[in-house]
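K.L.:
Okay, so here is run.pdb, and as you'll see once you scroll down, it has PDB, C-alpha atoms, pLDDT in the B column.
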ATOM      1  CA  MET W 101     -30.476 -38.481  17.892  1.00 81.00           C
ATOM      2  CA  GLU W 102     -29.328 -34.983  16.983  1.00 92.00           C
ATOM      3  CA  LYS W 103     -29.387 -34.262  13.261  1.00 94.00           C
ATOM      4  CA  TYR W 104     -25.829 -32.903  13.227  1.00 96.00           C
ATOM      5  CA  ILE W 105     -24.522 -36.233  14.557  1.00 95.00           C
ATOM      6  CA  LEU W 106     -26.323 -38.217  11.865  1.00 96.00           C
ATOM      7  CA  ASP W 107     -25.124 -35.732   9.226  1.00 97.00           C
ATOM      8  CA  PHE W 108     -21.559 -36.315  10.442  1.00 97.00           C
ATOM      9  CA  LEU W 109     -21.981 -40.092  10.294  1.00 97.00           C
ATOM     10  CA  ILE W 110     -23.405 -39.835   6.771  1.00 97.00           C
ATOM     11  CA  LYS W 111     -20.253 -37.971   5.716  1.00 98.00           C
ATOM     12  CA  ILE W 112     -18.158 -40.813   7.154  1.00 97.00           C
ATOM     13  CA  GLN W 113     -20.263 -43.336   5.220  1.00 98.00           C
ATOM     14  CA  HIS W 114     -19.782 -41.429   1.953  1.00 98.00           C
ATOM     15  CA  LEU W 115     -16.036 -41.325   2.591  1.00 98.00           C
ATOM     16  CA  VAL W 116     -15.996 -45.085   3.193  1.00 98.00           C
ATOM     17  CA  ALA W 117     -18.107 -45.757   0.079  1.00 98.00           C
ATOM     18  CA  ASN W 118     -15.690 -43.702  -2.023  1.00 98.00           C
ATOM     19  CA  ASN W 119     -12.793 -45.853  -0.835  1.00 98.00           C
ATOM     20  CA  VAL W 120     -14.294 -49.283  -1.527  1.00 98.00           C
ATOM     21  CA  LYS W 121     -12.203 -51.515  -3.777  1.00 98.00           C
ATOM     22  CA  ILE W 122     -14.258 -53.938  -5.855  1.00 98.00           C
ATOM     23  CA  GLN W 123     -11.931 -56.697  -7.045  1.00 98.00           C
ATOM     24  CA  HIS W 124     -12.075 -60.436  -7.526  1.00 98.00           C
ATOM     25  CA  LEU W 125     -10.760 -62.386  -4.549  1.00 98.00           C
ATOM     26  CA  GLY W 126     -11.506 -65.927  -5.710  1.00 97.00           C
ATOM     27  CA  LEU W 127     -12.821 -68.053  -2.841  1.00 97.00           C
ATOM     28  CA  GLU W 128     -10.616 -70.907  -4.028  1.00 96.00           C
ATOM     29  CA  ASN W 129      -7.664 -68.743  -2.879  1.00 93.00           C
ATOM     30  CA  VAL W 130      -9.074 -68.245   0.630  1.00 97.00           C
ATOM     31  CA  LYS W 131      -7.179 -70.319   3.200  1.00 97.00           C
ATOM     32  CA  SER W 132      -8.528 -68.650   6.335  1.00 98.00           C
ATOM     33  CA  ILE W 133     -11.971 -67.180   6.853  1.00 98.00           C
ATOM     34  CA  CYS W 134     -13.339 -65.153   9.761  1.00 98.00           C
ATOM     35  CA  GLY W 135     -16.904 -64.481  10.813  1.00 98.00           C
ATOM     36  CA  VAL W 136     -17.991 -61.857  13.325  1.00 98.00           C
ATOM     37  CA  ASP W 137     -21.277 -61.263  15.145  1.00 98.00           C
ATOM     38  CA  ILE W 138     -22.472 -59.536  18.284  1.00 97.00           C
ATOM     39  CA  ALA W 139     -25.078 -60.190  20.977  1.00 97.00           C
ATOM     40  CA  TYR W 140     -26.366 -57.826  23.654  1.00 96.00           C
ATOM     41  CA  LYS W 141     -27.303 -57.871  27.294  1.00 94.00           C
ATOM     42  CA  GLY W 142     -28.585 -54.413  28.104  1.00 93.00           C
ATOM     43  CA  ASP W 143     -25.898 -51.922  27.084  1.00 93.00           C
ATOM     44  CA  ILE W 144     -23.126 -54.535  26.983  1.00 96.00           C
ATOM     45  CA  GLY W 145     -22.161 -55.999  23.616  1.00 97.00           C
ATOM     46  CA  TYR W 146     -20.497 -59.407  23.232  1.00 97.00           C
ATOM     47  CA  ALA W 147     -18.625 -59.502  19.923  1.00 97.00           C
ATOM     48  CA  VAL W 148     -17.275 -62.875  18.815  1.00 98.00           C
ATOM     49  CA  ALA W 149     -14.883 -63.448  15.935  1.00 98.00           C
ATOM     50  CA  ILE W 150     -14.446 -67.013  14.669  1.00 98.00           C
ATOM     51  CA  LYS W 151     -11.483 -68.030  12.514  1.00 98.00           C
ATOM     52  CA  GLU W 152     -11.562 -71.197  10.416  1.00 98.00           C
ATOM     53  CA  GLU W 153      -8.426 -72.515   8.766  1.00 97.00           C
ATOM     54  CA  ASN W 154      -7.837 -76.082   7.556  1.00 95.00           C
ATOM     55  CA  GLY W 155     -10.954 -77.242   9.404  1.00 94.00           C
ATOM     56  CA  ASN W 156      -9.734 -75.806  12.732  1.00 97.00           C
ATOM     57  CA  PHE W 157     -11.736 -73.156  14.569  1.00 98.00           C
ATOM     58  CA  GLU W 158     -10.593 -70.467  17.009  1.00 98.00           C
ATOM     59  CA  HIS W 159     -12.636 -67.740  18.651  1.00 97.00           C
ATOM     60  CA  ASN W 160     -12.054 -64.406  20.307  1.00 97.00           C
ATOM     61  CA  LEU W 161     -14.552 -62.554  22.499  1.00 96.00           C
ATOM     62  CA  VAL W 162     -14.513 -58.835  23.214  1.00 97.00           C
ATOM     63  CA  LYS W 163     -17.184 -57.324  25.409  1.00 96.00           C
ATOM     64  CA  GLY W 164     -17.834 -53.714  26.149  1.00 96.00           C
ATOM     65  CA  GLU W 165     -20.389 -50.996  26.674  1.00 95.00           C
ATOM     66  CA  VAL W 166     -22.361 -49.948  23.608  1.00 95.00           C
ATOM     67  CA  PHE W 167     -23.356 -46.302  23.899  1.00 91.00           C
ATOM     68  CA  PHE W 168     -24.946 -45.619  20.484  1.00 95.00           C
ATOM     69  CA  PRO W 169     -28.628 -46.525  19.967  1.00 94.00           C
ATOM     70  CA  TYR W 170     -29.847 -48.826  17.205  1.00 93.00           C
ATOM     71  CA  ILE W 171     -30.726 -46.637  14.223  1.00 95.00           C
ATOM     72  CA  PRO W 172     -31.283 -48.338  10.830  1.00 93.00           C
ATOM     73  CA  THR W 173     -28.491 -47.570   8.304  1.00 96.00           C
ATOM     74  CA  PHE W 174     -26.129 -46.475  11.145  1.00 97.00           C
ATOM     75  CA  LEU W 175     -25.355 -49.909  12.602  1.00 95.00           C
ATOM     76  CA  PHE W 176     -21.631 -49.451  11.998  1.00 97.00           C
ATOM     77  CA  ILE W 177     -21.169 -46.862  14.749  1.00 96.00           C
ATOM     78  CA  ARG W 178     -22.925 -49.146  17.239  1.00 96.00           C
ATOM     79  CA  GLU W 179     -21.265 -52.461  16.392  1.00 97.00           C
ATOM     80  CA  ALA W 180     -18.087 -51.991  14.327  1.00 97.00           C
ATOM     81  CA  PRO W 181     -15.805 -50.877  17.202  1.00 97.00           C
ATOM     82  CA  LEU W 182     -16.412 -54.105  19.170  1.00 97.00           C
ATOM     83  CA  MET W 183     -16.401 -56.290  16.058  1.00 98.00           C
ATOM     84  CA  MET W 184     -13.064 -54.868  14.921  1.00 98.00           C
ATOM     85  CA  ALA W 185     -11.604 -55.376  18.398  1.00 98.00           C
ATOM     86  CA  ALA W 186     -12.694 -59.038  18.280  1.00 98.00           C
ATOM     87  CA  LEU W 187     -11.073 -59.451  14.844  1.00 98.00           C
ATOM     88  CA  GLU W 188      -7.735 -57.948  15.944  1.00 97.00           C
ATOM     89  CA  LYS W 189      -6.459 -61.327  17.170  1.00 96.00           C
ATOM     90  CA  PHE W 190      -6.748 -62.907  13.730  1.00 98.00           C
ATOM     91  CA  ASN W 191      -5.334 -62.418  10.253  1.00 96.00           C
ATOM     92  CA  CYS W 192      -7.876 -63.746   7.761  1.00 97.00           C
ATOM     93  CA  ASP W 193      -8.018 -63.891   3.974  1.00 98.00           C
ATOM     94  CA  LEU W 194     -11.754 -63.084   4.065  1.00 98.00           C
ATOM     95  CA  ILE W 195     -13.972 -61.592   6.768  1.00 98.00           C
ATOM     96  CA  LEU W 196     -17.717 -62.275   6.823  1.00 98.00           C
ATOM     97  CA  VAL W 197     -19.789 -59.786   8.778  1.00 98.00           C
ATOM     98  CA  ASP W 198     -23.315 -60.236  10.128  1.00 97.00           C
ATOM     99  CA  GLY W 199     -24.746 -57.182   8.354  1.00 97.00           C
ATOM    100  CA  GLN W 200     -24.850 -55.391   5.028  1.00 98.00           C
ATOM    101  CA  GLY W 201     -22.029 -54.461   2.697  1.00 98.00           C
ATOM    102  CA  LEU W 202     -22.861 -52.348  -0.369  1.00 98.00           C
ATOM    103  CA  ALA W 203     -26.557 -53.347  -0.071  1.00 98.00           C
ATOM    104  CA  HIS W 204     -27.059 -50.162   1.935  1.00 98.00           C
ATOM    105  CA  PRO W 205     -28.653 -46.808   0.995  1.00 97.00           C
ATOM    106  CA  ARG W 206     -25.220 -45.131   0.987  1.00 97.00           C
ATOM    107  CA  LYS W 207     -23.314 -48.288  -0.062  1.00 97.00           C
ATOM    108  CA  SER W 208     -21.646 -48.218   3.322  1.00 98.00           C
ATOM    109  CA  GLY W 209     -22.991 -51.042   5.474  1.00 98.00           C
ATOM    110  CA  ILE W 210     -21.045 -52.401   8.432  1.00 98.00           C
ATOM    111  CA  ALA W 211     -19.208 -55.029   6.321  1.00 98.00           C
ATOM    112  CA  THR W 212     -18.006 -52.264   3.988  1.00 98.00           C
ATOM    113  CA  VAL W 213     -16.933 -49.999   6.848  1.00 98.00           C
ATOM    114  CA  ILE W 214     -14.945 -52.812   8.504  1.00 98.00           C
ATOM    115  CA  GLY W 215     -13.428 -53.868   5.169  1.00 98.00           C
ATOM    116  CA  VAL W 216     -12.284 -50.365   4.248  1.00 98.00           C
ATOM    117  CA  LEU W 217     -10.949 -49.532   7.715  1.00 98.00           C
ATOM    118  CA  LEU W 218      -9.032 -52.817   7.971  1.00 98.00           C
ATOM    119  CA  ASP W 219      -8.136 -52.831   4.251  1.00 98.00           C
ATOM    120  CA  LYS W 220      -9.359 -56.450   4.081  1.00 98.00           C
ATOM    121  CA  PRO W 221     -11.673 -58.483   1.838  1.00 98.00           C
ATOM    122  CA  THR W 222     -15.147 -58.542   3.376  1.00 98.00           C
ATOM    123  CA  ILE W 223     -18.631 -59.763   2.477  1.00 98.00           C
ATOM    124  CA  GLY W 224     -21.792 -58.820   4.331  1.00 98.00           C
ATOM    125  CA  VAL W 225     -24.329 -61.522   5.142  1.00 98.00           C
ATOM    126  CA  ALA W 226     -27.594 -60.062   6.428  1.00 97.00           C
ATOM    127  CA  LYS W 227     -30.911 -61.539   7.452  1.00 94.00           C
ATOM    128  CA  SER W 228     -33.086 -58.911   5.775  1.00 94.00           C
ATOM    129  CA  ARG W 229     -33.045 -56.313   3.008  1.00 95.00           C
ATOM    130  CA  LEU W 230     -32.068 -52.785   3.978  1.00 95.00           C
ATOM    131  CA  ALA W 231     -31.904 -51.152   0.537  1.00 96.00           C
ATOM    132  CA  GLY W 232     -32.183 -51.912  -3.144  1.00 96.00           C
ATOM    133  CA  ASP W 233     -34.432 -53.928  -5.400  1.00 97.00           C
ATOM    134  CA  PHE W 234     -34.486 -57.639  -6.119  1.00 97.00           C
ATOM    135  CA  VAL W 235     -33.926 -58.449  -9.792  1.00 97.00           C
ATOM    136  CA  ALA W 236     -34.062 -62.078 -10.944  1.00 97.00           C
ATOM    137  CA  GLU W 237     -31.847 -63.099 -13.875  1.00 97.00           C
ATOM    138  CA  ASN W 238     -30.787 -66.585 -14.950  1.00 94.00           C
ATOM    139  CA  GLY W 239     -31.838 -68.180 -11.677  1.00 95.00           C
ATOM    140  CA  ILE W 240     -30.027 -65.602  -9.509  1.00 97.00           C
ATOM    141  CA  THR W 241     -31.810 -62.921  -7.473  1.00 98.00           C
ATOM    142  CA  TYR W 242     -29.580 -59.859  -7.492  1.00 98.00           C
ATOM    143  CA  VAL W 243     -29.737 -56.952  -5.065  1.00 98.00           C
ATOM    144  CA  VAL W 244     -29.546 -53.724  -7.081  1.00 98.00           C
ATOM    145  CA  VAL W 245     -28.744 -50.392  -5.411  1.00 97.00           C
ATOM    146  CA  GLY W 246     -28.555 -47.235  -7.525  1.00 94.00           C
ATOM    147  CA  GLY W 247     -28.627 -49.299 -10.718  1.00 95.00           C
ATOM    148  CA  GLU W 248     -25.637 -51.434  -9.642  1.00 97.00           C
ATOM    149  CA  LYS W 249     -25.700 -55.139  -8.763  1.00 98.00           C
ATOM    150  CA  VAL W 250     -24.108 -55.204  -5.311  1.00 98.00           C
ATOM    151  CA  GLY W 251     -25.214 -58.577  -3.984  1.00 98.00           C
ATOM    152  CA  VAL W 252     -27.580 -61.513  -4.161  1.00 98.00           C
ATOM    153  CA  LYS W 253     -30.463 -62.958  -2.187  1.00 98.00           C
ATOM    154  CA  SER W 254     -30.095 -66.652  -1.409  1.00 97.00           C
ATOM    155  CA  GLY W 255     -32.738 -68.280   0.765  1.00 95.00           C
ATOM    156  CA  LYS W 256     -33.574 -65.753   3.463  1.00 95.00           C
ATOM    157  CA  TYR W 257     -30.143 -64.106   3.425  1.00 97.00           C
ATOM    158  CA  ILE W 258     -28.672 -61.104   1.605  1.00 98.00           C
ATOM    159  CA  TYR W 259     -25.020 -61.497   0.570  1.00 98.00           C
ATOM    160  CA  SER W 260     -23.332 -58.296  -0.554  1.00 98.00           C
ATOM    161  CA  ILE W 261     -19.890 -57.002  -1.509  1.00 98.00           C
ATOM    162  CA  GLY W 262     -18.088 -55.436   1.433  1.00 98.00           C
ATOM    163  CA  ASN W 263     -14.598 -54.530   0.233  1.00 98.00           C
ATOM    164  CA  LYS W 264     -11.887 -56.133  -1.945  1.00 98.00           C
ATOM    165  CA  THR W 265     -14.405 -58.693  -3.233  1.00 98.00           C
ATOM    166  CA  ASP W 266     -16.742 -58.728  -6.223  1.00 98.00           C
ATOM    167  CA  LEU W 267     -20.127 -60.025  -7.294  1.00 98.00           C
ATOM    168  CA  ASN W 268     -18.692 -63.374  -8.408  1.00 98.00           C
ATOM    169  CA  ASP W 269     -17.194 -63.929  -4.936  1.00 98.00           C
ATOM    170  CA  VAL W 270     -20.547 -63.086  -3.353  1.00 98.00           C
ATOM    171  CA  ILE W 271     -22.444 -65.459  -5.664  1.00 98.00           C
ATOM    172  CA  GLU W 272     -19.950 -68.255  -4.963  1.00 98.00           C
ATOM    173  CA  LEU W 273     -20.270 -67.759  -1.204  1.00 98.00           C
ATOM    174  CA  SER W 274     -24.069 -67.749  -1.389  1.00 98.00           C
ATOM    175  CA  LYS W 275     -24.040 -71.129  -3.143  1.00 96.00           C
ATOM    176  CA  ARG W 276     -22.239 -72.692  -0.180  1.00 96.00           C
ATOM    177  CA  GLY W 277     -25.103 -72.059   2.239  1.00 95.00           C
ATOM    178  CA  TYR W 278     -25.056 -69.935   5.364  1.00 97.00           C
ATOM    179  CA  PRO W 279     -21.408 -69.720   6.485  1.00 97.00           C
ATOM    180  CA  THR W 280     -20.346 -71.925   9.416  1.00 97.00           C
ATOM    181  CA  VAL W 281     -18.154 -69.167  10.914  1.00 98.00           C
ATOM    182  CA  LEU W 282     -21.190 -66.884  11.181  1.00 98.00           C
ATOM    183  CA  LYS W 283     -23.363 -69.647  12.656  1.00 97.00           C
ATOM    184  CA  LEU W 284     -20.712 -70.250  15.303  1.00 98.00           C
ATOM    185  CA  ALA W 285     -20.160 -66.538  15.987  1.00 98.00           C
ATOM    186  CA  ASP W 286     -23.903 -66.057  16.478  1.00 97.00           C
ATOM    187  CA  LYS W 287     -24.219 -69.119  18.735  1.00 97.00           C
ATOM    188  CA  LEU W 288     -21.156 -68.331  20.843  1.00 96.00           C
ATOM    189  CA  SER W 289     -21.969 -64.651  21.325  1.00 96.00           C
ATOM    190  CA  LYS W 290     -25.415 -65.619  22.669  1.00 95.00           C
ATOM    191  CA  GLU W 291     -23.971 -68.351  24.908  1.00 95.00           C
ATOM    192  CA  LEU W 292     -21.311 -66.071  26.360  1.00 88.00           C
ATOM    193  CA  LYS W 293     -23.742 -63.286  27.203  1.00 89.00           C
ATOM    194  CA  LYS W 294     -25.926 -65.799  29.112  1.00 89.00           C
ATOM    195  CA  LYS W 295     -22.960 -66.818  31.262  1.00 85.00           C
ATOM    196  CA  GLU W 296     -22.388 -63.269  32.478  1.00 76.00           C
TER     197      GLU W 296
END
Now, as a test, write the supplied structure out as structure tokens.

P.N.:
Amino acid sequence: MEKYILDFLIKIQHLVANNVKIQHLGLENVKSICGVDIAYKGDIGYAVAIKEENGNFEHNLVKGEVFFPYIPTFLFIREAPLMMAALEKFNCDLILVDGQGLAHPRKSGIATVIGVLLDKPTIGVAKSRLAGDFVAENGITYVVVGGEKVGVKSGKYIYSIGNKTDLNDVIELSKRGYPTVLKLADKLSKELKKKE
């Protein structure tokens, strides 16, 4: 990838990071929750958004060509366009994204990018660490980036602030176990790509 393109994307990430709102949402106030994930078959991405409200689940699939290669720390440009298109059908109090939030070298993971662009509360739930150090305090393993606690590690997952949420929201979510909406989004995206 040409350096000038990555430099441009880094500028976008800094702009996003500067526009993050860290504020307490309170999961007890969340009536509807969305999860979004993506699966691939060659250059075609299958993004699935799942909405859960009052125990009822809906899904929306958007598929399309993915033209940007996988480059660590630049996942947003590869996956966010399809993910956001899949989310368009729903209005959710909280969006969970399969990926990082502020637990990113530039505090601009895909959950943060989607949260800032949609002006919605988001939390990133990732399967591995991308940036930061683990610091254990009072039975909680925090993810610290640039001296700031931006998330927690729970089991094998990293939960981090995306936008319009705070560390207490992230801790509360992590205590509930891996979110059902993300399990379903992962499962359905893989099933749908196999049918094609």

K.L.:
Which residue out of W:Asp286, W:Asn263, W:Asp143, W:Arg206 has the minimum interatomic distance to Tyr170 of chain W when only C-alpha atoms are used?

P.N.:
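Looking at the shortest contact to Tyr170 of chain W, the residue is W:Asp143.
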
K.L.:
Name all residues at most 9 Å from Val244 of chain W (count only C-alpha atoms; drop same-chain ones fewer than 6 positions away) and give them as a list in words.

P.N.:
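Selected residues are Ala203, Ala231, Gly232, Asp233, Phe234, Val235, Val250, Gly251 and Val252 of chain W.
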
K.L.:
Could you save those same residues with C-alpha atoms as a PDB file, in the frame of the given file?

P.N.:
ATOM      1  CA  ALA W 203     -26.557 -53.347  -0.071  1.00 98.00           C
ATOM      2  CA  ALA W 231     -31.904 -51.152   0.537  1.00 96.00           C
ATOM      3  CA  GLY W 232     -32.183 -51.912  -3.144  1.00 96.00           C
ATOM      4  CA  ASP W 233     -34.432 -53.928  -5.400  1.00 97.00           C
ATOM      5  CA  PHE W 234     -34.486 -57.639  -6.119  1.00 97.00           C
ATOM      6  CA  VAL W 235     -33.926 -58.449  -9.792  1.00 97.00           C
ATOM      7  CA  VAL W 250     -24.108 -55.204  -5.311  1.00 98.00           C
ATOM      8  CA  GLY W 251     -25.214 -58.577  -3.984  1.00 98.00           C
ATOM      9  CA  VAL W 252     -27.580 -61.513  -4.161  1.00 98.00           C
TER      10      VAL W 252
END

K.L.:
Considering only C-alpha atoms, state which residue in the set W:Asn268, W:Val162, W:Asn191, W:Ala226 is at the smallest distance from Ser254 of chain W.

P.N.:
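Using only C-alpha atoms, the shortest distance to Ser254 of chain W belongs to W:Ala226.
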
K.L.:
Looking at all atoms listed in the file, which of W:Ile110, W:Leu127, W:Leu288, W:Ile177 is the one that sits closest to Ser274 of chain W?

P.N.:
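When distances to Ser274 of chain W are compared using all atoms listed in the file, the smallest one comes from W:Leu127.
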
K.L.:
For Asp219 of chain W, which residue out of W:Leu292, W:Ala139, W:Cys134, W:Val116 is the nearest one, using all atoms listed in the file?

P.N.:
W:Val116

K.L.:
Any idea what's packed within 7 Å of Leu194 of chain W, counting only C-alpha atoms, ignoring anything in its chain fewer than 3 positions away? Could you give it as a tab-separated table (two decimals) with C-alpha atoms, in the frame of the given file?

P.N.:
chain	number	residue	atom	x	y	z
W	130	VAL	CA	-9.07	-68.24	0.63
W	132	SER	CA	-8.53	-68.65	6.34
W	133	ILE	CA	-11.97	-67.18	6.85
W	134	CYS	CA	-13.34	-65.15	9.76
W	221	PRO	CA	-11.67	-58.48	1.84
W	222	THR	CA	-15.15	-58.54	3.38
